[in-house]
Each structure stands twice: as C-alpha cells, then as structure tokens.
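Here is the file work.pdb (PDB, C-alpha atoms and all ligand atoms).
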```
MODEL        1
ATOM      1  CA  MET A   1       3.170 -12.562  21.263  1.00  0.00           C
ATOM      2  CA  VAL A   2       4.831 -14.354  18.374  1.00  0.00           C
ATOM      3  CA  ARG A   3       4.378 -12.692  14.997  1.00  0.00           C
ATOM      4  CA  ILE A   4       4.816 -14.284  11.584  1.00  0.00           C
ATOM      5  CA  GLU A   5       5.562 -12.099   8.563  1.00  0.00           C
ATOM      6  CA  ASN A   6       5.778 -12.814   4.849  1.00  0.00           C
ATOM      7  CA  TRP A   7       3.717 -15.920   5.512  1.00  0.00           C
ATOM      8  CA  ALA A   8       2.162 -18.513   3.260  1.00  0.00           C
ATOM      9  CA  VAL A   9      -0.043 -21.508   3.980  1.00  0.00           C
ATOM     10  CA  SER A  10       1.456 -24.872   3.192  1.00  0.00           C
ATOM     11  CA  TYR A  11      -0.449 -28.138   3.003  1.00  0.00           C
ATOM     12  CA  ASP A  12       0.849 -31.480   4.160  1.00  0.00           C
ATOM     13  CA  ASP A  13       1.214 -34.136   1.497  1.00  0.00           C
ATOM     14  CA  PRO A  14       0.957 -31.842  -1.534  1.00  0.00           C
ATOM     15  CA  ALA A  15       1.234 -34.934  -3.737  1.00  0.00           C
ATOM     16  CA  ASP A  16      -1.987 -36.342  -2.288  1.00  0.00           C
ATOM     17  CA  ILE A  17      -4.447 -35.210  -4.930  1.00  0.00           C
ATOM     18  CA  TYR A  18      -7.366 -37.194  -3.517  1.00  0.00           C
ATOM     19  CA  THR A  19      -7.853 -35.187  -0.337  1.00  0.00           C
ATOM     20  CA  ALA A  20      -9.547 -31.817  -0.696  1.00  0.00           C
ATOM     21  CA  PRO A  21      -7.382 -28.852   0.424  1.00  0.00           C
ATOM     22  CA  GLU A  22      -9.698 -27.956   3.299  1.00  0.00           C
ATOM     23  CA  LEU A  23      -9.314 -31.446   4.741  1.00  0.00           C
ATOM     24  CA  LYS A  24      -5.533 -31.493   4.701  1.00  0.00           C
ATOM     25  CA  SER A  25      -3.346 -30.433   7.561  1.00  0.00           C
ATOM     26  CA  ARG A  26      -2.104 -26.899   7.167  1.00  0.00           C
ATOM     27  CA  HIS A  27       0.892 -25.084   8.511  1.00  0.00           C
ATOM     28  CA  LEU A  28       2.454 -21.693   7.986  1.00  0.00           C
ATOM     29  CA  ILE A  29       5.812 -20.809   6.464  1.00  0.00           C
ATOM     30  CA  GLY A  30       7.222 -17.378   7.179  1.00  0.00           C
ATOM     31  CA  LYS A  31       9.580 -15.188   9.184  1.00  0.00           C
ATOM     32  CA  VAL A  32       9.006 -15.182  12.935  1.00  0.00           C
ATOM     33  CA  TYR A  33       9.494 -12.373  15.418  1.00  0.00           C
ATOM     34  CA  GLY A  34       9.327 -12.685  19.193  1.00  0.00           C
ATOM     35  CA  HIS A  35       9.579 -16.479  19.160  1.00  0.00           C
ATOM     36  CA  PRO A  36      11.564 -17.844  22.120  1.00  0.00           C
ATOM     37  CA  GLY A  37      13.098 -20.606  19.990  1.00  0.00           C
ATOM     38  CA  PHE A  38      14.271 -18.587  16.973  1.00  0.00           C
ATOM     39  CA  PRO A  39      16.102 -15.328  16.266  1.00  0.00           C
ATOM     40  CA  ASP A  40      13.901 -12.552  14.844  1.00  0.00           C
ATOM     41  CA  GLY A  41      13.440 -12.849  11.096  1.00  0.00           C
ATOM     42  CA  GLU A  42      14.197 -16.586  10.970  1.00  0.00           C
ATOM     43  CA  GLU A  43      12.324 -18.440   8.222  1.00  0.00           C
ATOM     44  CA  ILE A  44      10.368 -21.274   9.829  1.00  0.00           C
ATOM     45  CA  SER A  45       7.636 -23.792   9.164  1.00  0.00           C
ATOM     46  CA  THR A  46       5.133 -23.989  12.019  1.00  0.00           C
ATOM     47  CA  GLY A  47       3.527 -27.088  13.429  1.00  0.00           C
ATOM     48  CA  THR A  48       0.094 -28.114  12.162  1.00  0.00           C
ATOM     49  CA  LEU A  49      -2.510 -25.381  12.566  1.00  0.00           C
ATOM     50  CA  LEU A  50      -5.203 -26.460  14.980  1.00  0.00           C
ATOM     51  CA  SER A  51      -7.327 -23.339  15.158  1.00  0.00           C
ATOM     52  CA  CYS A  52      -7.462 -19.772  13.986  1.00  0.00           C
ATOM     53  CA  SER A  53      -9.404 -16.705  14.928  1.00  0.00           C
ATOM     54  CA  GLY A  54      -9.215 -13.391  13.125  1.00  0.00           C
ATOM     55  CA  ARG A  55      -5.535 -12.680  12.539  1.00  0.00           C
ATOM     56  CA  THR A  56      -4.192 -15.299  14.918  1.00  0.00           C
ATOM     57  CA  ALA A  57      -3.424 -18.958  14.296  1.00  0.00           C
ATOM     58  CA  SER A  58      -2.516 -21.568  16.873  1.00  0.00           C
ATOM     59  CA  THR A  59      -0.495 -24.737  16.790  1.00  0.00           C
ATOM     60  CA  ARG A  60      -0.185 -27.090  19.749  1.00  0.00           C
ATOM     61  CA  LYS A  61       2.606 -24.988  21.273  1.00  0.00           C
ATOM     62  CA  THR A  62       2.383 -21.473  19.858  1.00  0.00           C
ATOM     63  CA  THR A  63      -0.125 -18.801  18.888  1.00  0.00           C
ATOM     64  CA  TYR A  64       1.010 -16.678  15.947  1.00  0.00           C
ATOM     65  CA  VAL A  65      -0.197 -13.222  15.013  1.00  0.00           C
ATOM     66  CA  LEU A  66      -0.333 -12.968  11.239  1.00  0.00           C
ATOM     67  CA  GLY A  67       1.519 -10.064   9.673  1.00  0.00           C
ATOM     68  CA  ASN A  68       1.565  -9.502   5.938  1.00  0.00           C
ATOM     69  CA  PRO A  69       1.281 -12.498   3.630  1.00  0.00           C
ATOM     70  CA  ASN A  70       4.011 -13.395   1.155  1.00  0.00           C
ATOM     71  CA  PRO A  71       3.310 -11.597  -2.161  1.00  0.00           C
ATOM     72  CA  ASP A  72       4.206 -14.806  -4.003  1.00  0.00           C
ATOM     73  CA  TYR A  73       1.482 -16.599  -2.069  1.00  0.00           C
ATOM     74  CA  ILE A  74      -1.088 -13.950  -3.039  1.00  0.00           C
ATOM     75  CA  ALA A  75      -0.020 -14.331  -6.677  1.00  0.00           C
ATOM     76  CA  PHE A  76      -0.278 -18.113  -6.366  1.00  0.00           C
ATOM     77  CA  LEU A  77      -3.859 -17.908  -5.027  1.00  0.00           C
ATOM     78  CA  ALA A  78      -4.832 -15.636  -7.913  1.00  0.00           C
ATOM     79  CA  GLU A  79      -3.204 -17.974 -10.435  1.00  0.00           C
ATOM     80  CA  GLN A  80      -5.105 -20.953  -9.031  1.00  0.00           C
ATOM     81  CA  GLY A  81      -8.385 -19.057  -9.131  1.00  0.00           C
ATOM     82  CA  LEU A  82      -8.656 -19.299  -5.341  1.00  0.00           C
ATOM     83  CA  PRO A  83     -10.352 -16.603  -3.261  1.00  0.00           C
ATOM     84  CA  GLU A  84      -8.333 -13.588  -2.173  1.00  0.00           C
ATOM     85  CA  ILE A  85      -7.125 -13.424   1.398  1.00  0.00           C
ATOM     86  CA  ASP A  86      -9.599 -11.731   3.716  1.00  0.00           C
ATOM     87  CA  PRO A  87      -7.472  -9.295   5.774  1.00  0.00           C
ATOM     88  CA  GLU A  88      -9.763  -9.701   8.774  1.00  0.00           C
ATOM     89  CA  GLN A  89      -9.643 -13.496   8.691  1.00  0.00           C
ATOM     90  CA  PRO A  90      -6.726 -14.466   6.467  1.00  0.00           C
ATOM     91  CA  LEU A  91      -6.928 -18.214   7.009  1.00  0.00           C
ATOM     92  CA  ARG A  92     -10.576 -18.926   6.527  1.00  0.00           C
ATOM     93  CA  ILE A  93     -11.533 -20.819   3.402  1.00  0.00           C
ATOM     94  CA  ARG A  94     -14.778 -21.441   1.607  1.00  0.00           C
ATOM     95  CA  ILE A  95     -15.695 -25.088   1.759  1.00  0.00           C
ATOM     96  CA  GLN A  96     -18.459 -27.534   1.132  1.00  0.00           C
ATOM     97  CA  CYS A  97     -19.112 -29.835   4.077  1.00  0.00           C
ATOM     98  CA  PRO A  98     -18.711 -33.449   2.894  1.00  0.00           C
ATOM     99  CA  ASN A  99     -21.491 -34.514   5.261  1.00  0.00           C
ATOM    100  CA  CYS A 100     -24.354 -32.035   4.805  1.00  0.00           C
ATOM    101  CA  LYS A 101     -23.076 -30.396   1.577  1.00  0.00           C
ATOM    102  CA  SER A 102     -23.639 -26.881   2.910  1.00  0.00           C
ATOM    103  CA  GLU A 103     -21.386 -24.164   1.496  1.00  0.00           C
ATOM    104  CA  GLN A 104     -19.784 -22.013   4.144  1.00  0.00           C
ATOM    105  CA  TYR A 105     -16.689 -20.272   5.362  1.00  0.00           C
ATOM    106  CA  SER A 106     -14.896 -22.321   7.909  1.00  0.00           C
ATOM    107  CA  HIS A 107     -11.969 -22.221  10.248  1.00  0.00           C
ATOM    108  CA  PHE A 108     -11.439 -25.816   9.255  1.00  0.00           C
ATOM    109  CA  THR A 109     -12.520 -27.696  12.345  1.00  0.00           C
ATOM    110  CA  TYR A 110     -16.260 -28.286  12.556  1.00  0.00           C
ATOM    111  CA  CYS A 111     -19.086 -27.664  10.104  1.00  0.00           C
ATOM    112  CA  ASP A 112     -21.197 -24.662  11.145  1.00  0.00           C
ATOM    113  CA  GLN A 113     -24.338 -26.399   9.977  1.00  0.00           C
ATOM    114  CA  CYS A 114     -24.164 -30.010  11.097  1.00  0.00           C
ATOM    115  CA  GLY A 115     -21.138 -30.136  13.407  1.00  0.00           C
ATOM    116  CA  HIS A 116     -19.331 -32.636  11.180  1.00  0.00           C
ATOM    117  CA  ARG A 117     -15.618 -32.690  11.930  1.00  0.00           C
ATOM    118  CA  LEU A 118     -13.968 -31.294   8.830  1.00  0.00           C
ATOM    119  CA  LYS A 119     -10.442 -32.352   9.602  1.00  0.00           C
ATOM    120  CA  ILE A 120      -8.817 -34.808  11.950  1.00  0.00           C
ATOM    121  CA  THR A 121      -6.270 -33.193  14.174  1.00  0.00           C
ATOM    122  CA  ASP A 122      -4.049 -34.800  16.754  1.00  0.00           C
ATOM    123  CA  LEU A 123      -4.454 -32.710  19.857  1.00  0.00           C
TER     124      LEU A 123
HETATM  125 ZN    ZN B   1     -22.093 -30.119   7.544  1.00  0.00          ZN
ENDMDL
END
```
Written as structure tokens, how would this file's structure read?
Amino acid sequence: MVRIENWAVSYDDPADIYTAPELKSRHLIGKVYGHPGFPDGEEISTGTLLSCSGRTASTRKTTYVLGNPNPDYIAFLAEQGLPEIDPEQPLRIRIQCPNCKSEQYSHFTYCDQCGHRLKITDL
C-alpha cells in the first residue's frame, strides 16, 4: 500500500476563480512511502483524484493511504474559514449541488440527492 504523509490538497487551475473548489480537479502533494516509482520520503504531486473512501484516495494508477496532513495546510484551511479536516474522511467537503441545491458532504463525484455529476473526470 502506498502511503502519503504531510499531505495537502491542491486544486488545478488555482487562478480560475469562476469554478467552485468542489468542481475543480484535485490532487495531493506530500511525501510518499512504499511507492514503486519513488524513494521513500520523496515529495510528489499525485495525479488527479478520482475517488476517495475514508482515509484512502485513488488516482487512475495508485491508491494512497492518507497519513497526517501538512500542518501548513491545516493552518491554511483555518485562515480561509474552511471546515476542519475530518480525521475519518479527510477529503470530503461540504458542498451545494449546482443542480438540486441540496447541501451535503460529498466525495466529489455524484450528488447524493439527485445523482448529478459534480465533477467531470477523465477515466
Ligand atoms: Zn443534486
């Protein structure tokens, strides 16, 4: 299993202020351990996150187990007034579905209420 430590979530196109954060592609930045392509402790940026469940997150090629988040990232979330990281489900975010307007926690793929696709991903 590949583990990522000292991680933070990074959004594609940070300059694009017109797309809501939950609709942007996300990837992780952090130090990897047990990855066949990198030495332990190497700082990497993952591919686009396609799904997550509990403390794991998957890209097209790799499933990462989330270790401890980067303290700077936690401070950044607090500064921005964003919700704290839920240790059980660190990557979930509270969103409003653009289709049915329901407020919910999501793993950023489909709306729990109406099934609307919340983000386009290239599988
Ligand atoms: Zn919906």
As AutoDock Vina command-line options, please: the centre and edge lengths in Å, to one decimal, of an axis-aligned box enclosing every listed atom of region 96-100 of chain A with 5 Å added on each side.
```
--center_x -21.4 --center_y -31.0 --center_z 3.2 --size_x 15.9 --size_y 17.0 --size_z 14.1
```
Using only C-alpha atoms, which residues sit within 8 Å of region 68-82 of chain A once same-chain residues fewer than 3 positions away are excluded, as a PyMOL selection string? chain A and resi 5-9+30+85
Run the PyMOL selection byres (((chain A and resi 48-52) around 7) and not hetatm) mentally over the shown coordinates, then write out the matched residues as a PyMOL selection string, using the chain letters and numbers from the document. chain A and resi 25-27+46-47+53-54+56-60+107+121
Residues matched by the PyMOL selection byres (((chain A and resi 45) around 6) and not hetatm), written as a ChimeraX atom specification: /A:28-29,44,46
Using 8 Å as the limit and counting all atoms listed in the file, can you tabulate each residue of chain A that touches ligand ZN 1 (chain B), with its shortest atom-to-atom distance in Å and the two atoms involved, as a tab-separated table?
```
residue	atom	partner	partner_atom	distance
A:Gln96	CA	B:ZN1	ZN	7.8
A:Cys97	CA	B:ZN1	ZN	4.6
A:Pro98	CA	B:ZN1	ZN	6.6
A:Asn99	CA	B:ZN1	ZN	5.0
A:Cys100	CA	B:ZN1	ZN	4.0
A:Lys101	CA	B:ZN1	ZN	6.1
A:Ser102	CA	B:ZN1	ZN	5.9
A:Tyr110	CA	B:ZN1	ZN	7.9
A:Cys111	CA	B:ZN1	ZN	4.7
A:Asp112	CA	B:ZN1	ZN	6.6
A:Gln113	CA	B:ZN1	ZN	5.0
A:Cys114	CA	B:ZN1	ZN	4.1
A:Gly115	CA	B:ZN1	ZN	5.9
A:His116	CA	B:ZN1	ZN	5.2
```
Kindly save the residues from that selection, with C-alpha atoms included, as a CSV table (one decimal), keeping the file's coordinate frame.
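Printed below is part28.csv as written:
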```csv
chain,number,residue,atom,x,y,z
A,96,GLN,CA,-18.5,-27.5,1.1
A,97,CYS,CA,-19.1,-29.8,4.1
A,98,PRO,CA,-18.7,-33.4,2.9
A,99,ASN,CA,-21.5,-34.5,5.3
A,100,CYS,CA,-24.4,-32.0,4.8
A,101,LYS,CA,-23.1,-30.4,1.6
A,102,SER,CA,-23.6,-26.9,2.9
A,110,TYR,CA,-16.3,-28.3,12.6
A,111,CYS,CA,-19.1,-27.7,10.1
A,112,ASP,CA,-21.2,-24.7,11.1
A,113,GLN,CA,-24.3,-26.4,10.0
A,114,CYS,CA,-24.2,-30.0,11.1
A,115,GLY,CA,-21.1,-30.1,13.4
A,116,HIS,CA,-19.3,-32.6,11.2
```
Pick out the closest residue to Lys31 (chain A) from this set: A:Leu66, A:Arg55, A:Tyr11, A:Lys61. Count all atoms listed in the file. A:Leu66
One residue among A:Leu91, A:Val2, A:Gly67, A:Tyr18 is nearest to Phe38 (chain A) when using all atoms listed in the file, and that residue is A:Val2
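Here CA of Asp40 (chain A) stands at a distance of 13.6 Å from CA of Tyr64 (chain A).
Taking CA of Val65 (chain A) and CA of Gly37 (chain A) as endpoints, the distance between them is 16.0 Å.
The space separating CA of Tyr33 (chain A) from CA of Asp86 (chain A) comes to 22.4 Å.
Considering the residues A:Pro90, A:Ile4, A:Arg117, A:Glu84 and counting all atoms listed in the file, Glu42 (chain A) has its shortest atom-to-atom contact with A:Ile4.
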Write only N, CA and C atoms for region 37-86 of chain A from the block just shown, as a tab-separated table (two decimals), in the first residue's frame.
```
chain	number	residue	atom	x	y	z
A	37	GLY	N	7.52	3.83	-7.76
A	37	GLY	CA	8.21	4.76	-8.65
A	37	GLY	C	9.08	5.80	-7.96
A	38	PHE	N	9.02	5.87	-6.62
A	38	PHE	CA	9.75	6.93	-5.91
A	38	PHE	C	10.41	6.37	-4.65
A	39	PRO	N	11.57	6.94	-4.28
A	39	PRO	CA	12.16	6.55	-3.00
A	39	PRO	C	11.29	7.04	-1.84
A	40	ASP	N	11.31	6.33	-0.72
A	40	ASP	CA	10.53	6.73	0.45
A	40	ASP	C	10.86	8.16	0.86
A	41	GLY	N	9.82	8.92	1.16
A	41	GLY	CA	10.02	10.29	1.63
A	41	GLY	C	10.09	11.32	0.51
A	42	GLU	N	10.00	10.86	-0.75
A	42	GLU	CA	10.05	11.80	-1.88
A	42	GLU	C	8.79	12.67	-1.89
A	43	GLU	N	8.98	13.94	-2.14
A	43	GLU	CA	7.86	14.89	-2.24
A	43	GLU	C	7.28	14.78	-3.65
A	44	ILE	N	6.00	14.43	-3.74
A	44	ILE	CA	5.40	14.27	-5.07
A	44	ILE	C	4.06	15.00	-5.15
A	45	SER	N	3.59	15.15	-6.37
A	45	SER	CA	2.23	15.60	-6.65
A	45	SER	C	1.55	14.44	-7.36
A	46	THR	N	0.42	14.00	-6.84
A	46	THR	CA	-0.26	12.83	-7.42
A	46	THR	C	-1.00	13.24	-8.70
A	47	GLY	N	-1.50	12.25	-9.40
A	47	GLY	CA	-2.42	12.52	-10.49
A	47	GLY	C	-3.75	13.02	-9.91
A	48	THR	N	-4.68	13.34	-10.78
A	48	THR	CA	-5.99	13.82	-10.35
A	48	THR	C	-6.71	12.77	-9.52
A	49	LEU	N	-7.26	13.20	-8.39
A	49	LEU	CA	-8.03	12.29	-7.54
A	49	LEU	C	-9.35	11.96	-8.20
A	50	LEU	N	-9.64	10.67	-8.30
A	50	LEU	CA	-10.87	10.23	-8.93
A	50	LEU	C	-11.90	9.76	-7.91
A	51	SER	N	-11.43	9.25	-6.79
A	51	SER	CA	-12.36	8.80	-5.77
A	51	SER	C	-11.65	8.79	-4.43
A	52	CYS	N	-12.42	8.79	-3.36
A	52	CYS	CA	-11.82	8.61	-2.06
A	52	CYS	C	-12.82	7.93	-1.15
A	53	SER	N	-12.30	7.25	-0.16
A	53	SER	CA	-13.14	6.50	0.75
A	53	SER	C	-12.40	6.44	2.07
A	54	GLY	N	-13.00	6.99	3.12
A	54	GLY	CA	-12.32	7.00	4.40
A	54	GLY	C	-10.97	7.69	4.27
A	55	ARG	N	-9.92	6.98	4.67
A	55	ARG	CA	-8.57	7.56	4.61
A	55	ARG	C	-7.78	7.10	3.40
A	56	THR	N	-8.47	6.69	2.35
A	56	THR	CA	-7.75	6.37	1.11
A	56	THR	C	-8.24	7.27	-0.01
A	57	ALA	N	-7.36	7.51	-0.97
A	57	ALA	CA	-7.70	8.31	-2.14
A	57	ALA	C	-7.07	7.66	-3.35
A	58	SER	N	-7.81	7.60	-4.44
A	58	SER	CA	-7.30	6.91	-5.63
A	58	SER	C	-7.18	7.85	-6.82
A	59	THR	N	-6.08	7.66	-7.54
A	59	THR	CA	-5.92	8.26	-8.85
A	59	THR	C	-6.11	7.13	-9.86
A	60	ARG	N	-5.88	7.40	-11.12
A	60	ARG	CA	-6.06	6.37	-12.14
A	60	ARG	C	-5.14	5.18	-11.87
A	61	LYS	N	-3.91	5.47	-11.39
A	61	LYS	CA	-2.92	4.40	-11.26
A	61	LYS	C	-2.72	3.89	-9.84
A	62	THR	N	-2.95	4.75	-8.85
A	62	THR	CA	-2.47	4.44	-7.49
A	62	THR	C	-3.54	4.74	-6.45
A	63	THR	N	-3.60	3.90	-5.42
A	63	THR	CA	-4.42	4.21	-4.25
A	63	THR	C	-3.49	4.60	-3.11
A	64	TYR	N	-3.74	5.75	-2.53
A	64	TYR	CA	-2.91	6.27	-1.44
A	64	TYR	C	-3.65	6.16	-0.12
A	65	VAL	N	-2.91	5.74	0.92
A	65	VAL	CA	-3.44	5.82	2.27
A	65	VAL	C	-2.95	7.14	2.85
A	66	LEU	N	-3.87	7.91	3.40
A	66	LEU	CA	-3.52	9.23	3.90
A	66	LEU	C	-2.96	9.15	5.31
A	67	GLY	N	-1.75	9.65	5.48
A	67	GLY	CA	-1.15	9.78	6.80
A	67	GLY	C	-1.59	11.12	7.40
A	68	ASN	N	-0.66	11.79	8.03
A	68	ASN	CA	-1.00	13.06	8.67
A	68	ASN	C	-0.93	14.21	7.66
A	69	PRO	N	-1.90	15.12	7.72
A	69	PRO	CA	-1.86	16.26	6.82
A	69	PRO	C	-0.73	17.24	7.18
A	70	ASN	N	-0.35	18.04	6.22
A	70	ASN	CA	0.65	19.08	6.42
A	70	ASN	C	0.09	20.14	7.37
A	71	PRO	N	0.81	20.46	8.46
A	71	PRO	CA	0.30	21.48	9.40
A	71	PRO	C	0.04	22.82	8.73
A	72	ASP	N	0.81	23.15	7.71
A	72	ASP	CA	0.57	24.40	6.98
A	72	ASP	C	-0.79	24.38	6.27
A	73	TYR	N	-1.15	23.20	5.80
A	73	TYR	CA	-2.44	23.05	5.11
A	73	TYR	C	-3.60	23.23	6.11
A	74	ILE	N	-3.45	22.66	7.29
A	74	ILE	CA	-4.46	22.83	8.34
A	74	ILE	C	-4.60	24.31	8.70
A	75	ALA	N	-3.47	24.99	8.82
A	75	ALA	CA	-3.49	26.43	9.13
A	75	ALA	C	-4.15	27.21	8.01
A	76	PHE	N	-3.87	26.80	6.76
A	76	PHE	CA	-4.46	27.47	5.61
A	76	PHE	C	-6.00	27.33	5.62
A	77	LEU	N	-6.49	26.12	5.90
A	77	LEU	CA	-7.94	25.90	5.94
A	77	LEU	C	-8.58	26.80	7.00
A	78	ALA	N	-7.93	26.88	8.16
A	78	ALA	CA	-8.46	27.71	9.24
A	78	ALA	C	-8.49	29.18	8.83
A	79	GLU	N	-7.41	29.61	8.20
A	79	GLU	CA	-7.31	31.01	7.74
A	79	GLU	C	-8.43	31.36	6.76
A	80	GLN	N	-8.73	30.39	5.87
A	80	GLN	CA	-9.75	30.63	4.84
A	80	GLN	C	-11.17	30.44	5.37
A	81	GLY	N	-11.28	30.06	6.63
A	81	GLY	CA	-12.61	29.81	7.19
A	81	GLY	C	-13.23	28.54	6.67
A	82	LEU	N	-12.40	27.62	6.16
A	82	LEU	CA	-12.91	26.35	5.63
A	82	LEU	C	-13.04	25.34	6.76
A	83	PRO	N	-13.88	24.32	6.57
A	83	PRO	CA	-14.06	23.33	7.64
A	83	PRO	C	-12.77	22.59	7.97
A	84	GLU	N	-12.65	22.19	9.23
A	84	GLU	CA	-11.51	21.38	9.64
A	84	GLU	C	-11.53	20.03	8.95
A	85	ILE	N	-10.38	19.42	8.86
A	85	ILE	CA	-10.29	18.08	8.28
A	85	ILE	C	-10.93	17.07	9.22
A	86	ASP	N	-11.80	16.24	8.66
A	86	ASP	CA	-12.39	15.15	9.42
A	86	ASP	C	-11.41	13.97	9.37
```
